[in-house]
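Pasted below: coords07.cif, mmCIF, C-alpha atoms and all ligand atoms.
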data_model
#
loop_
_atom_site.label_atom_id
_atom_site.label_comp_id
_atom_site.auth_asym_id
_atom_site.auth_seq_id
_atom_site.Cartn_x
_atom_site.Cartn_y
_atom_site.Cartn_z
CA MET A 1 -19.83 -4.77 -27.19
CA LEU A 2 -19.44 -8.26 -25.71
CA ASN A 3 -21.49 -9.64 -28.60
CA ASP A 4 -19.20 -7.98 -31.17
CA ILE A 5 -15.99 -9.68 -29.99
CA GLU A 6 -14.59 -12.16 -32.51
CA ALA A 7 -15.30 -15.77 -31.43
CA THR A 8 -11.68 -16.92 -31.62
CA LEU A 9 -12.17 -19.47 -28.81
CA GLU A 10 -15.29 -21.10 -30.26
CA GLY A 11 -15.47 -24.79 -29.29
CA GLN A 12 -12.68 -24.40 -26.71
CA ARG A 13 -12.89 -24.82 -22.95
CA VAL A 14 -11.39 -22.30 -20.55
CA VAL A 15 -10.90 -22.96 -16.84
CA VAL A 16 -10.63 -19.88 -14.62
CA VAL A 17 -9.71 -20.07 -10.93
CA GLY A 18 -10.49 -17.13 -8.63
CA GLY A 19 -13.78 -15.31 -8.27
CA GLY A 20 -12.39 -11.77 -7.85
CA VAL A 21 -12.47 -9.14 -10.58
CA PHE A 22 -9.55 -10.70 -12.48
CA GLY A 23 -11.11 -14.16 -12.60
CA THR A 24 -14.59 -12.83 -13.33
CA MET A 25 -13.38 -10.60 -16.18
CA HIS A 26 -11.36 -13.50 -17.62
CA ALA A 27 -14.50 -15.66 -17.54
CA LEU A 28 -16.52 -12.87 -19.20
CA PHE A 29 -14.02 -12.29 -22.01
CA ALA A 30 -13.48 -16.02 -22.63
CA LEU A 31 -17.26 -16.42 -22.99
CA ALA A 32 -17.39 -13.41 -25.30
CA ARG A 33 -14.80 -15.14 -27.49
CA GLY A 34 -17.03 -18.18 -27.76
CA ALA A 35 -15.41 -20.54 -25.22
CA SER A 36 -17.24 -22.54 -22.60
CA VAL A 37 -15.99 -21.62 -19.14
CA VAL A 38 -15.64 -23.44 -15.83
CA HIS A 39 -14.99 -20.93 -13.03
CA LEU A 40 -13.72 -22.13 -9.64
CA GLU A 41 -13.61 -20.11 -6.42
CA ARG A 42 -12.35 -21.24 -3.03
CA ASP A 43 -14.80 -19.28 -0.85
CA LEU A 44 -18.57 -19.60 -0.91
CA VAL A 45 -18.68 -15.84 -1.53
CA PRO A 46 -15.54 -14.14 -2.89
CA SER A 47 -14.13 -11.86 -0.20
CA GLY A 48 -10.73 -10.85 -1.56
CA ALA A 49 -9.42 -7.43 -2.61
CA THR A 50 -12.19 -6.83 -5.13
CA VAL A 51 -15.09 -6.65 -2.70
CA ARG A 52 -12.99 -4.58 -0.27
CA ASN A 53 -11.98 -1.86 -2.70
CA PHE A 54 -13.37 1.61 -3.46
CA GLY A 55 -14.61 0.58 -6.89
CA LEU A 56 -12.66 3.45 -8.40
CA ILE A 57 -11.95 3.20 -12.12
CA TRP A 58 -9.07 5.61 -11.78
CA VAL A 59 -7.48 7.07 -14.89
CA SER A 60 -6.23 10.34 -13.42
CA GLY A 61 -3.26 8.91 -11.52
CA ARG A 62 -2.02 6.43 -14.11
CA ALA A 63 1.57 6.74 -15.29
CA VAL A 64 2.20 8.23 -18.71
CA GLY A 65 2.56 5.55 -21.43
CA ARG A 66 1.32 1.95 -21.39
CA GLU A 67 -0.28 2.26 -17.95
CA LEU A 68 -2.43 5.16 -19.10
CA SER A 69 -3.37 3.53 -22.40
CA LEU A 70 -4.32 0.29 -20.62
CA ALA A 71 -6.40 2.28 -18.12
CA LEU A 72 -8.19 4.18 -20.90
CA ARG A 73 -8.94 0.91 -22.69
CA ALA A 74 -10.19 -0.60 -19.41
CA ARG A 75 -12.35 2.45 -18.71
CA ALA A 76 -14.00 2.06 -22.14
CA LEU A 77 -14.50 -1.67 -21.53
CA TRP A 78 -16.08 -1.07 -18.09
CA GLU A 79 -18.56 1.29 -19.75
CA ASP A 80 -19.34 -1.30 -22.45
CA VAL A 81 -19.75 -4.07 -19.89
CA ALA A 82 -22.12 -1.80 -17.93
CA CYS A 83 -24.37 -1.46 -20.98
CA GLU A 84 -24.84 -5.26 -20.87
CA VAL A 85 -24.80 -5.58 -17.07
CA PRO A 86 -26.16 -2.35 -15.54
CA ASP A 87 -26.23 -3.90 -12.06
CA ILE A 88 -22.46 -3.47 -11.70
CA GLY A 89 -23.33 0.14 -10.79
CA PHE A 90 -20.94 1.84 -13.20
CA ARG A 91 -21.13 5.63 -13.16
CA ALA A 92 -19.00 8.02 -15.17
CA ASN A 93 -18.87 10.47 -12.28
CA GLY A 94 -15.36 11.88 -12.76
CA SER A 95 -13.15 12.79 -9.83
CA ILE A 96 -11.87 15.91 -8.12
CA THR A 97 -8.50 15.95 -6.38
CA LEU A 98 -8.79 18.79 -3.89
CA ILE A 99 -5.82 21.09 -3.51
CA ASP A 100 -4.81 22.68 -0.25
CA ASP A 101 -1.77 24.84 -0.99
CA GLU A 102 0.53 26.38 -3.61
CA ARG A 103 2.75 23.31 -3.92
CA GLU A 104 -0.13 20.95 -4.61
CA LEU A 105 -1.40 23.51 -7.10
CA GLU A 106 1.96 23.40 -8.90
CA VAL A 107 1.77 19.59 -9.14
CA ALA A 108 -1.69 19.91 -10.69
CA HIS A 109 -0.57 22.62 -13.12
CA ARG A 110 2.39 20.54 -14.26
CA ALA A 111 0.16 17.51 -14.80
CA MET A 112 -2.25 19.75 -16.75
CA ALA A 113 0.62 20.91 -18.98
CA ARG A 114 1.41 17.36 -20.15
CA GLY A 115 0.31 16.17 -23.58
CA ASP A 116 -2.05 13.56 -22.11
CA ALA A 117 -4.17 15.98 -20.03
CA ASP A 118 -6.93 15.88 -22.66
CA ASP A 119 -6.98 12.06 -22.70
CA ARG A 120 -7.64 12.18 -18.97
CA GLN A 121 -10.11 15.06 -19.43
CA PHE A 122 -8.30 17.15 -16.82
CA GLU A 123 -9.68 20.59 -15.89
CA MET A 124 -8.41 22.98 -13.22
CA LEU A 125 -11.24 24.26 -11.07
CA THR A 126 -11.26 27.19 -8.67
CA ALA A 127 -12.65 26.51 -5.21
CA GLN A 128 -15.93 28.04 -6.29
CA GLU A 129 -16.08 25.90 -9.44
CA VAL A 130 -15.46 22.83 -7.27
CA THR A 131 -18.53 23.62 -5.18
CA VAL A 132 -20.62 24.17 -8.29
CA ARG A 133 -19.59 20.80 -9.73
CA ASN A 134 -19.80 18.96 -6.43
CA PRO A 135 -21.99 20.98 -4.02
CA ALA A 136 -21.50 18.51 -1.15
CA LEU A 137 -17.86 19.70 -0.89
CA GLN A 138 -18.05 22.66 1.48
CA GLY A 139 -14.75 22.33 3.31
CA ARG A 140 -11.26 23.76 3.15
CA PHE A 141 -9.52 23.69 -0.24
CA SER A 142 -8.22 26.29 -2.66
CA ALA A 143 -8.74 24.55 -6.02
CA GLY A 144 -9.45 21.18 -7.58
CA LEU A 145 -8.10 19.02 -10.39
CA TYR A 146 -11.08 17.45 -12.18
CA CYS A 147 -10.61 14.24 -14.18
CA GLY A 148 -13.55 13.50 -16.47
CA ARG A 149 -12.37 9.96 -17.28
CA ASP A 150 -12.52 8.66 -13.71
CA ALA A 151 -15.51 6.49 -12.87
CA ALA A 152 -16.78 4.11 -10.23
CA VAL A 153 -18.49 0.75 -9.89
CA GLU A 154 -20.19 -0.92 -6.92
CA SER A 155 -17.48 -3.38 -6.04
CA ARG A 156 -19.50 -5.36 -3.51
CA VAL A 157 -22.23 -6.20 -6.01
CA ALA A 158 -20.40 -6.15 -9.35
CA LEU A 159 -19.03 -9.71 -9.17
CA GLY A 160 -22.46 -11.18 -8.40
CA ALA A 161 -24.07 -9.14 -11.18
CA LEU A 162 -21.49 -10.34 -13.70
CA ARG A 163 -21.94 -13.98 -12.64
CA THR A 164 -25.73 -13.71 -12.97
CA TYR A 165 -25.25 -12.31 -16.47
CA MET A 166 -22.88 -15.14 -17.42
CA GLU A 167 -25.14 -17.80 -15.88
CA ASN A 168 -27.90 -16.66 -18.24
CA GLY A 169 -25.95 -18.29 -21.08
CA ARG A 170 -25.38 -22.02 -21.33
CA ARG A 171 -21.59 -22.04 -21.60
CA TYR A 172 -20.73 -20.91 -18.03
CA GLU A 173 -20.44 -23.00 -14.88
CA TYR A 174 -19.50 -21.37 -11.55
CA LEU A 175 -18.24 -23.65 -8.79
CA ALA A 176 -17.94 -21.91 -5.41
CA GLY A 177 -16.26 -23.75 -2.53
CA HIS A 178 -13.63 -25.41 -4.75
CA GLU A 179 -10.07 -24.72 -3.69
CA LEU A 180 -7.21 -25.11 -6.14
CA VAL A 181 -4.56 -27.43 -4.71
CA GLY A 182 -2.64 -28.60 -7.76
CA VAL A 183 -1.81 -27.91 -11.38
CA THR A 184 -0.84 -30.13 -14.31
CA ASP A 185 -0.56 -29.32 -18.01
CA HIS A 186 -3.90 -27.88 -19.17
CA ALA A 187 -5.65 -28.72 -15.89
CA VAL A 188 -6.18 -27.77 -12.26
CA ILE A 189 -6.97 -30.05 -9.33
CA ASP A 190 -9.35 -29.00 -6.56
CA HIS A 191 -9.28 -30.02 -2.88
CA ARG A 192 -11.52 -33.01 -3.57
CA GLY A 193 -9.02 -34.31 -6.13
CA VAL A 194 -11.24 -33.48 -9.12
CA HIS A 195 -9.34 -32.45 -12.29
CA TYR A 196 -10.71 -29.65 -14.47
CA GLY A 197 -9.07 -29.59 -17.88
CA GLY A 198 -9.19 -26.94 -20.57
CA ASP A 199 -7.50 -25.59 -23.68
CA HIS A 200 -6.57 -22.58 -21.55
CA VAL A 201 -6.38 -22.36 -17.75
CA VAL A 202 -6.03 -18.99 -16.05
CA LEU A 203 -5.30 -18.64 -12.32
CA CYS A 204 -6.48 -15.32 -10.85
CA LEU A 205 -5.79 -15.91 -7.18
CA GLY A 206 -5.18 -12.34 -5.95
CA ALA A 207 -2.79 -11.92 -3.03
CA THR A 208 -3.21 -15.39 -1.57
CA LEU A 209 -1.68 -15.40 1.88
CA SER A 210 -1.13 -19.11 2.48
CA GLY A 211 -1.34 -22.62 1.07
CA PHE A 212 -0.62 -24.03 -2.38
CA ALA A 213 -1.55 -20.83 -4.19
CA ALA A 214 0.76 -18.66 -2.06
CA GLU A 215 3.65 -21.03 -2.77
CA LEU A 216 3.12 -20.59 -6.50
CA PHE A 217 4.39 -17.01 -6.19
CA GLU A 218 6.96 -17.43 -3.40
CA ASP A 219 9.99 -16.55 -5.54
CA ASP A 220 8.34 -13.97 -7.76
CA PRO A 221 8.91 -10.20 -7.65
CA LEU A 222 5.64 -9.49 -5.85
CA ARG A 223 4.89 -7.84 -2.54
CA LYS A 224 1.72 -7.85 -0.47
CA VAL A 225 0.36 -4.52 0.70
CA ARG A 226 -2.36 -4.09 3.34
CA LEU A 227 -4.80 -1.16 3.20
CA ASN A 228 -7.20 0.09 5.89
CA MET A 229 -10.63 1.32 4.91
CA ALA A 230 -13.91 2.49 6.44
CA GLU A 231 -17.44 3.25 5.39
CA THR A 232 -19.85 5.77 6.89
CA GLU A 233 -23.57 5.71 7.28
CA PRO A 234 -25.37 7.52 4.43
CA LEU A 235 -24.31 11.13 3.89
CA GLU A 236 -27.08 13.68 3.69
CA GLY A 237 -26.50 14.86 0.15
CA THR A 238 -24.74 13.51 -2.91
CA LEU A 239 -21.07 13.55 -3.78
CA THR A 240 -21.35 14.00 -7.53
CA THR A 241 -17.73 12.96 -8.14
CA SER A 242 -15.16 10.68 -6.56
CA VAL A 243 -12.86 12.70 -4.30
CA ALA A 244 -9.15 12.60 -3.42
CA ASN A 245 -6.88 14.91 -1.49
CA GLY A 246 -3.49 16.31 -2.51
CA ASP A 247 -1.65 13.54 -0.66
CA SER A 248 -2.78 11.22 -3.45
CA PHE A 249 -0.31 13.07 -5.72
CA ARG A 250 2.46 11.43 -3.70
CA TYR A 251 1.25 7.90 -4.32
CA TYR A 252 -0.21 7.77 -7.83
CA PRO A 253 2.50 7.18 -10.44
CA GLY A 254 0.92 9.73 -12.79
CA PHE A 255 1.85 12.49 -10.33
CA SER A 256 4.42 11.04 -7.95
CA GLU A 257 7.53 12.09 -9.88
CA ILE A 258 6.37 15.71 -9.94
CA ALA A 259 5.21 15.47 -6.33
CA ARG A 260 8.64 14.30 -5.19
CA GLU A 261 10.17 17.46 -6.71
CA VAL A 262 7.53 19.90 -5.55
CA LEU A 263 5.84 18.77 -2.32
CA GLU A 264 7.37 18.91 1.12
CA GLU A 265 7.78 15.56 2.82
CA GLN A 266 4.56 14.16 4.19
CA PRO A 267 4.64 14.55 7.98
CA SER A 268 4.60 11.62 10.38
CA PRO A 269 2.43 9.72 11.28
CA ALA A 270 0.60 10.09 7.93
CA ALA A 271 3.84 9.21 6.12
CA ASP A 272 4.36 6.11 8.27
CA TYR A 273 1.16 4.63 6.91
CA ALA A 274 1.49 6.19 3.40
CA ILE A 275 -1.89 7.84 3.88
CA GLN A 276 -3.92 9.51 1.17
CA LEU A 277 -7.60 10.34 1.19
CA LEU A 278 -9.82 8.72 -1.40
CA CYS A 279 -13.57 8.91 -1.01
CA GLN A 280 -16.34 7.29 -3.02
CA GLN A 281 -20.01 7.53 -2.23
CA ARG A 282 -21.78 4.19 -2.48
CA LEU A 283 -25.14 3.92 -4.19
CA HIS A 284 -26.77 3.52 -0.74
CA GLY A 285 -25.32 6.91 0.29
CA GLY A 286 -22.47 5.82 2.61
CA LEU A 287 -18.94 7.05 1.96
CA THR A 288 -16.13 4.56 1.43
CA ILE A 289 -13.00 6.28 2.72
CA GLY A 290 -9.34 5.26 2.88
CA ASP A 291 -6.55 4.45 2.58
CA THR A 292 -3.27 3.40 4.18
CA HIS A 293 -0.48 1.29 2.65
CA GLU A 294 1.61 -1.04 4.80
CA PRO A 295 3.62 -4.16 4.03
CA GLU A 296 1.56 -7.22 4.86
CA VAL A 297 2.89 -8.84 8.03
CA PRO A 298 2.09 -12.51 8.76
CA GLY A 299 -0.34 -12.83 11.64
CA LEU A 300 -1.61 -9.24 11.52
CA PHE A 301 -5.39 -9.18 11.84
CA GLU A 302 -6.27 -5.91 13.59
CA THR A 303 -7.11 -2.64 11.89
CA LEU A 304 -5.49 0.33 13.65
CA ASP A 305 -7.54 3.34 14.70
CA ARG A 306 -4.80 5.95 14.51
CA PRO A 307 -4.32 6.06 10.72
CA MET A 308 -8.08 5.93 10.20
CA ASP A 309 -8.44 8.95 12.50
CA ILE A 310 -6.16 10.88 10.13
CA ILE A 311 -8.20 9.79 7.11
CA GLU A 312 -11.51 10.68 8.79
CA ASP A 313 -10.10 14.12 9.66
CA ALA A 314 -9.02 14.67 6.07
CA ALA A 315 -12.48 13.73 4.79
CA ARG A 316 -14.15 16.00 7.32
CA ARG A 317 -11.93 18.92 6.26
CA LEU A 318 -12.90 18.56 2.61
CA ILE A 319 -16.60 17.92 3.10
CA GLY A 320 -16.72 20.72 5.64
CA LYS A 321 -18.93 19.13 8.25
CA ALA A 322 -19.05 16.20 10.61
CA LEU A 323 -18.97 12.92 8.74
CA PRO A 324 -21.82 10.50 9.26
CA ARG A 325 -20.96 7.82 11.84
CA ILE A 326 -18.45 5.21 10.70
CA GLU A 327 -20.48 2.08 10.16
CA ARG A 328 -17.76 -0.45 9.35
CA ARG A 329 -13.99 -0.82 9.03
CA TRP A 330 -11.95 -3.43 7.26
CA SER A 331 -8.59 -4.07 5.69
CA GLY A 332 -7.61 -5.67 2.40
CA VAL A 333 -4.45 -6.91 0.76
CA TYR A 334 -3.30 -6.65 -2.81
CA HIS A 335 -0.38 -8.10 -4.76
CA GLN A 336 1.94 -5.56 -6.31
CA LEU A 337 4.99 -5.87 -8.55
CA VAL A 338 8.10 -4.99 -6.57
CA ASP A 339 9.58 -2.96 -9.44
CA PRO A 340 6.94 -2.18 -12.02
CA THR A 341 8.44 -0.81 -15.24
CA PRO A 342 6.60 1.38 -17.75
CA ASN A 343 5.83 -1.76 -19.76
CA GLN A 344 5.31 -4.31 -16.99
CA ILE A 345 2.26 -3.18 -15.10
CA TYR A 346 1.00 -6.49 -13.78
CA PHE A 347 2.42 -10.00 -13.34
CA ARG A 348 1.76 -12.87 -15.71
CA LYS A 349 3.46 -16.24 -15.36
CA GLN A 350 3.31 -19.58 -17.14
CA ILE A 351 2.72 -22.27 -14.48
CA ALA A 352 2.40 -25.36 -16.73
CA GLY A 353 1.46 -26.11 -20.32
CA GLY A 354 -1.67 -24.08 -21.09
CA VAL A 355 -1.81 -22.76 -17.51
CA SER A 356 -0.96 -19.15 -16.68
CA ALA A 357 -1.43 -16.94 -13.63
CA VAL A 358 -2.29 -13.24 -13.62
CA THR A 359 -1.94 -10.99 -10.57
CA GLY A 360 0.15 -8.10 -9.24
CA ALA A 361 -1.69 -5.06 -10.59
CA GLY A 362 -1.60 -3.51 -7.10
CA GLY A 363 -3.97 -0.62 -6.41
CA ARG A 364 -5.01 -0.38 -10.05
CA GLY A 365 -6.41 -3.91 -10.42
CA MET A 366 -10.10 -2.95 -10.35
CA THR A 367 -9.45 -0.30 -12.97
CA LEU A 368 -7.39 -2.47 -15.31
CA ALA A 369 -9.08 -5.88 -14.96
CA PRO A 370 -11.16 -5.85 -18.17
CA ALA A 371 -8.22 -4.68 -20.30
CA ILE A 372 -5.94 -7.30 -18.74
CA ALA A 373 -8.53 -10.03 -19.39
CA GLU A 374 -8.85 -8.81 -22.97
CA GLU A 375 -5.05 -9.06 -23.38
CA SER A 376 -5.04 -12.61 -22.02
CA PHE A 377 -7.15 -13.90 -24.90
CA GLN A 378 -5.78 -11.75 -27.72
C1 LIG A 401 -8.64 -1.90 0.19
C2 LIG A 401 -8.36 -1.91 -1.28
C3 LIG A 401 -8.81 -0.85 -2.07
C4 LIG A 401 -8.56 -0.86 -3.45
N1 LIG A 401 -9.12 0.10 -4.24
C5 LIG A 401 -9.01 0.00 -5.60
C6 LIG A 401 -9.73 0.90 -6.44
O1 LIG A 401 -10.55 1.69 -5.99
N2 LIG A 401 -9.49 0.86 -7.79
C7 LIG A 401 -8.61 -0.06 -8.33
O2 LIG A 401 -8.39 -0.03 -9.54
N3 LIG A 401 -8.02 -1.01 -7.55
C8 LIG A 401 -8.20 -1.00 -6.21
N4 LIG A 401 -7.61 -1.94 -5.41
C9 LIG A 401 -6.88 -3.05 -6.05
C10 LIG A 401 -7.85 -4.11 -6.55
O3 LIG A 401 -8.88 -4.32 -5.62
C11 LIG A 401 -7.11 -5.42 -6.80
O4 LIG A 401 -5.99 -5.20 -7.64
C12 LIG A 401 -8.04 -6.42 -7.49
O5 LIG A 401 -9.26 -6.52 -6.82
C13 LIG A 401 -7.37 -7.78 -7.58
O6 LIG A 401 -8.31 -8.68 -8.10
P1 LIG A 401 -8.07 -10.24 -8.05
O7 LIG A 401 -9.23 -10.88 -8.72
O8 LIG A 401 -6.68 -10.52 -8.56
O9 LIG A 401 -8.00 -10.58 -6.49
P2 LIG A 401 -9.16 -10.89 -5.43
O10 LIG A 401 -10.29 -9.96 -5.53
O11 LIG A 401 -8.46 -10.98 -4.12
O12 LIG A 401 -9.69 -12.30 -5.86
C14 LIG A 401 -8.92 -13.49 -5.78
C15 LIG A 401 -9.90 -14.64 -5.58
O13 LIG A 401 -9.18 -15.86 -5.73
C16 LIG A 401 -9.68 -16.76 -4.78
N5 LIG A 401 -8.65 -17.79 -4.52
C17 LIG A 401 -7.44 -17.60 -3.96
N6 LIG A 401 -6.78 -18.77 -3.84
C18 LIG A 401 -7.60 -19.71 -4.35
C19 LIG A 401 -7.48 -21.13 -4.51
N7 LIG A 401 -6.40 -21.79 -4.09
N8 LIG A 401 -8.52 -21.80 -5.08
C20 LIG A 401 -9.63 -21.14 -5.50
N9 LIG A 401 -9.80 -19.80 -5.37
C21 LIG A 401 -8.78 -19.10 -4.80
C22 LIG A 401 -9.93 -15.91 -3.55
O14 LIG A 401 -10.83 -16.54 -2.65
C23 LIG A 401 -10.50 -14.64 -4.19
O15 LIG A 401 -11.92 -14.67 -4.27
C24 LIG A 401 -7.81 -1.93 -4.03
C25 LIG A 401 -7.35 -2.98 -3.22
C26 LIG A 401 -7.62 -2.98 -1.87
C27 LIG A 401 -7.13 -4.14 -1.02
#

Translate the structure described by the file into structure tokens.
Ligand SMILES: Cc1cc2nc3c(=O)[nH]c(=O)nc-3n(C[C@H](O)[C@H](O)[C@H](O)COP(=O)(O)OP(=O)(O)OC[C@H]3O[C@@H](n4cnc5c(N)ncnc54)[C@H](O)[C@@H]3O)c2cc1C
Amino acid sequence: MLNDIEATLEGQRVVVVGGGVFGTMHALFALARGASVVHLERDLVPSGATVRNFGLIWVSGRAVGRELSLALRARALWEDVACEVPDIGFRANGSITLIDDERELEVAHRAMARGDADDRQFEMLTAQEVTVRNPALQGRFSAGLYCGRDAAVESRVALGALRTYMENGRRYEYLAGHELVGVTDHAVIDHRGVHYGGDHVVLCLGATLSGFAAELFEDDPLRKVRLNMAETEPLEGTLTTSVANGDSFRYYPGFSEIAREVLEEQPSPAADYAIQLLCQQRLHGGLTIGDTHEPEVPGLFETLDRPMDIIEDAARRLIGKALPRIERRWSGVYHQLVDPTPNQIYFRKQIAGGVSAVTGAGGRGMTLAPAIAEESFQ
């Protein structure tokens, strides 16, 4: 696929700043269009939202309209990229959202009745059908909503795999340890005062919390949201799909309108942390589980145990046995549009002549990144 893209940037130079999934996908698509690319990253190893996420390529919860079509395009692009770069760990494993009661079942039925259910490859499963499709799920649930379009990648290794692929060509230069501290028309300036100029410059800085990059977005309609996550030691057995619980209906825009009408209010303290259960088995067998959603507060560095206890309980209930020991916990922050509209799904801003910034996709950034990068160069 990458070789079939029209070389509309042949002979041009593109500068990309930010080594997360946005920056890396922008570098990949600029190269595919024939440009030479200089890629700057502040840290020696990128450690932003991308490497902290579940790696879910999540189509099921996308809002009807442009968000869903962008997600479907991105899902197809992830699959194509995986053909060229298998080490990103893409698997088309689908997902099951497990349903606990009649109200959650009604949300699922109403989502199934929409015209786009086939695009998402939705299927309603009885509890028994759930256990046939995903035998590791032996817990308490009454049905499941299967989404055949959902997929996963290995977020901790994908960026490195993509860089290795790009470094195999001669038009890509990756410069780790270079912090962006200034911008002029068609150029960026790093902390050593070196200017990097290009026909196009794209800043993909994620949810930068301080410094020059944070000030770039100070007056923009973006908020920072912190999520808590954990990962277990390897599970005995294989989760054949990604897994969510019915609370996810409350938070994914593809379901949330229906959920507001049908579901009872989420009880406290789960509601205080906007908790849903998402669970993805890593290729090494451990389970990545989460997540909470809280406004980012300056100076906050701890991860709280109480919300993670609720998430661990939810996972235990669905899997039906004690979880393997939690091996690690972390938190991560993403940038989200304050008021996303059906047509504005992420944030793009012109910073100077030939210099734009892309961020703000919130909890769908891993999913959408290739389609957003494609749009940037179309
Ligand atoms: C815990 C968590 C779970 C999530 N789960 C999912 C999921 O399963 N599926 C999904 O679709 N989305 C998910 N998301 C959202 C997704 O991870 C983000 O939207 C996406 O990773 C954003 O990518 P990014 O490249 O913009 O940001 P980042 O990955 O944060 O990368 C930004 C990079 O820019 C660099 N940078 C910043 N400032 C400078 C500077 N001044 N100079 C040079 N470099 C700089 C940073 O060091 C960083 O490496 C999750 C997010 C979190 C936090």

Neighbour list for range 46-48 of chain A as a ChimeraX atom specification, cut-off 12 Å, only C-alpha atoms, skip fewer than 6 positions in-chain: /A:17-24,40,155-160,163,174-179,204-209,226,330-335,366

Surrounding residues of Tyr196 in chain A excluding itself and chain neighbours under 3 positions, 9 Å, all atoms listed in the file, as a list in words: Val15, Val38, His186, Ala187, Val188, Ile189 and Asp190 of chain A

Any chance you could export the current selection's C-alpha atoms as a compact mmCIF listing (two decimals), in the coordinates of the input?
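Result written to result_9.txt:
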# COMPACT_ATOMS: atom_id res chain seq x y z
CA VAL A 15 -10.90 -22.96 -16.84
CA VAL A 38 -15.64 -23.44 -15.83
CA HIS A 186 -3.90 -27.88 -19.17
CA ALA A 187 -5.65 -28.72 -15.89
CA VAL A 188 -6.18 -27.77 -12.26
CA ILE A 189 -6.97 -30.05 -9.33
CA ASP A 190 -9.35 -29.00 -6.56

Surrounding residues of Asp220 in chain A excluding itself and chain neighbours under 5 positions, 12 Å, only C-alpha atoms, as a list in words: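 So, after excluding close chain neighbours, the residues are Ala214, Glu215, His335, Gln336, Leu337, Val338, Asp339, Phe347, Arg348, Lys349, Ala357, Thr359 and Gly360 of chain A.
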
Would you mind exporting C-alpha atoms of the selected residues as a PDB file, keeping the file's coordinate frame?
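Contents of part19.pdb, as written:
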ATOM      1  CA  ALA A 214       0.760 -18.660  -2.060  1.00  0.00           C
ATOM      2  CA  GLU A 215       3.650 -21.030  -2.770  1.00  0.00           C
ATOM      3  CA  HIS A 335      -0.380  -8.100  -4.760  1.00  0.00           C
ATOM      4  CA  GLN A 336       1.940  -5.560  -6.310  1.00  0.00           C
ATOM      5  CA  LEU A 337       4.990  -5.870  -8.550  1.00  0.00           C
ATOM      6  CA  VAL A 338       8.100  -4.990  -6.570  1.00  0.00           C
ATOM      7  CA  ASP A 339       9.580  -2.960  -9.440  1.00  0.00           C
ATOM      8  CA  PHE A 347       2.420 -10.000 -13.340  1.00  0.00           C
ATOM      9  CA  ARG A 348       1.760 -12.870 -15.710  1.00  0.00           C
ATOM     10  CA  LYS A 349       3.460 -16.240 -15.360  1.00  0.00           C
ATOM     11  CA  ALA A 357      -1.430 -16.940 -13.630  1.00  0.00           C
ATOM     12  CA  THR A 359      -1.940 -10.990 -10.570  1.00  0.00           C
ATOM     13  CA  GLY A 360       0.150  -8.100  -9.240  1.00  0.00           C
TER      14      GLY A 360
END

Excluding range 61-67 of chain A and its own-chain neighbours fewer than 2 positions away, which residues fall within 7 Å of it when counting all atoms listed in the file? Please give them as an mmCIF file with C-alpha atoms, keeping the file's coordinate frame.
data_model
loop_
_atom_site.group_PDB
_atom_site.id
_atom_site.type_symbol
_atom_site.label_atom_id
_atom_site.label_comp_id
_atom_site.auth_asym_id
_atom_site.auth_seq_id
_atom_site.Cartn_x
_atom_site.Cartn_y
_atom_site.Cartn_z
ATOM 1 C CA TRP A 58 -9.070 5.610 -11.780
ATOM 2 C CA VAL A 59 -7.480 7.070 -14.890
ATOM 3 C CA SER A 69 -3.370 3.530 -22.400
ATOM 4 C CA LEU A 70 -4.320 0.290 -20.620
ATOM 5 C CA ALA A 71 -6.400 2.280 -18.120
ATOM 6 C CA TYR A 252 -0.210 7.770 -7.830
ATOM 7 C CA PRO A 253 2.500 7.180 -10.440
ATOM 8 C CA GLY A 254 0.920 9.730 -12.790
ATOM 9 C CA PHE A 255 1.850 12.490 -10.330
ATOM 10 C CA PRO A 342 6.600 1.380 -17.750
ATOM 11 C CA ASN A 343 5.830 -1.760 -19.760
ATOM 12 C CA ILE A 345 2.260 -3.180 -15.100
#

Interatomic distance, CA of Thr126 in chain A to CA of Ile96 in chain A (Å, one decimal):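 Separation of CA of Thr126 in chain A and CA of Ile96 in chain A: 11.3 Å.
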
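Each of A:Ile275, A:Ala371, A:Leu77, A:Leu227 was checked against ligand LIG 401 (chain A) using all atoms listed in the file; the smallest atom-to-atom distance is that of A:Leu227.
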
Nearest residue to ligand LIG 401 (chain A) from the set A:Leu98, A:Leu145, A:Ala27, A:Ala111 (distances using all atoms listed in the file): A:Ala27

Contacts of Asp101 in chain A at 8 Å (all atoms listed in the file; same-chain gap of 2+ positions) as a CSV table (one decimal) with C-alpha atoms, in the frame of the given file:
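Once everything was written out, this is out.csv:
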chain,number,residue,atom,x,y,z
A,99,ILE,CA,-5.8,21.1,-3.5
A,103,ARG,CA,2.8,23.3,-3.9
A,104,GLU,CA,-0.1,21.0,-4.6
A,105,LEU,CA,-1.4,23.5,-7.1
A,141,PHE,CA,-9.5,23.7,-0.2
A,142,SER,CA,-8.2,26.3,-2.7

Point-to-point distance from atom C14 of ligand LIG 401 (chain A) to CA of Val181 in chain A, Å rounded to tenths: 14.6 Å
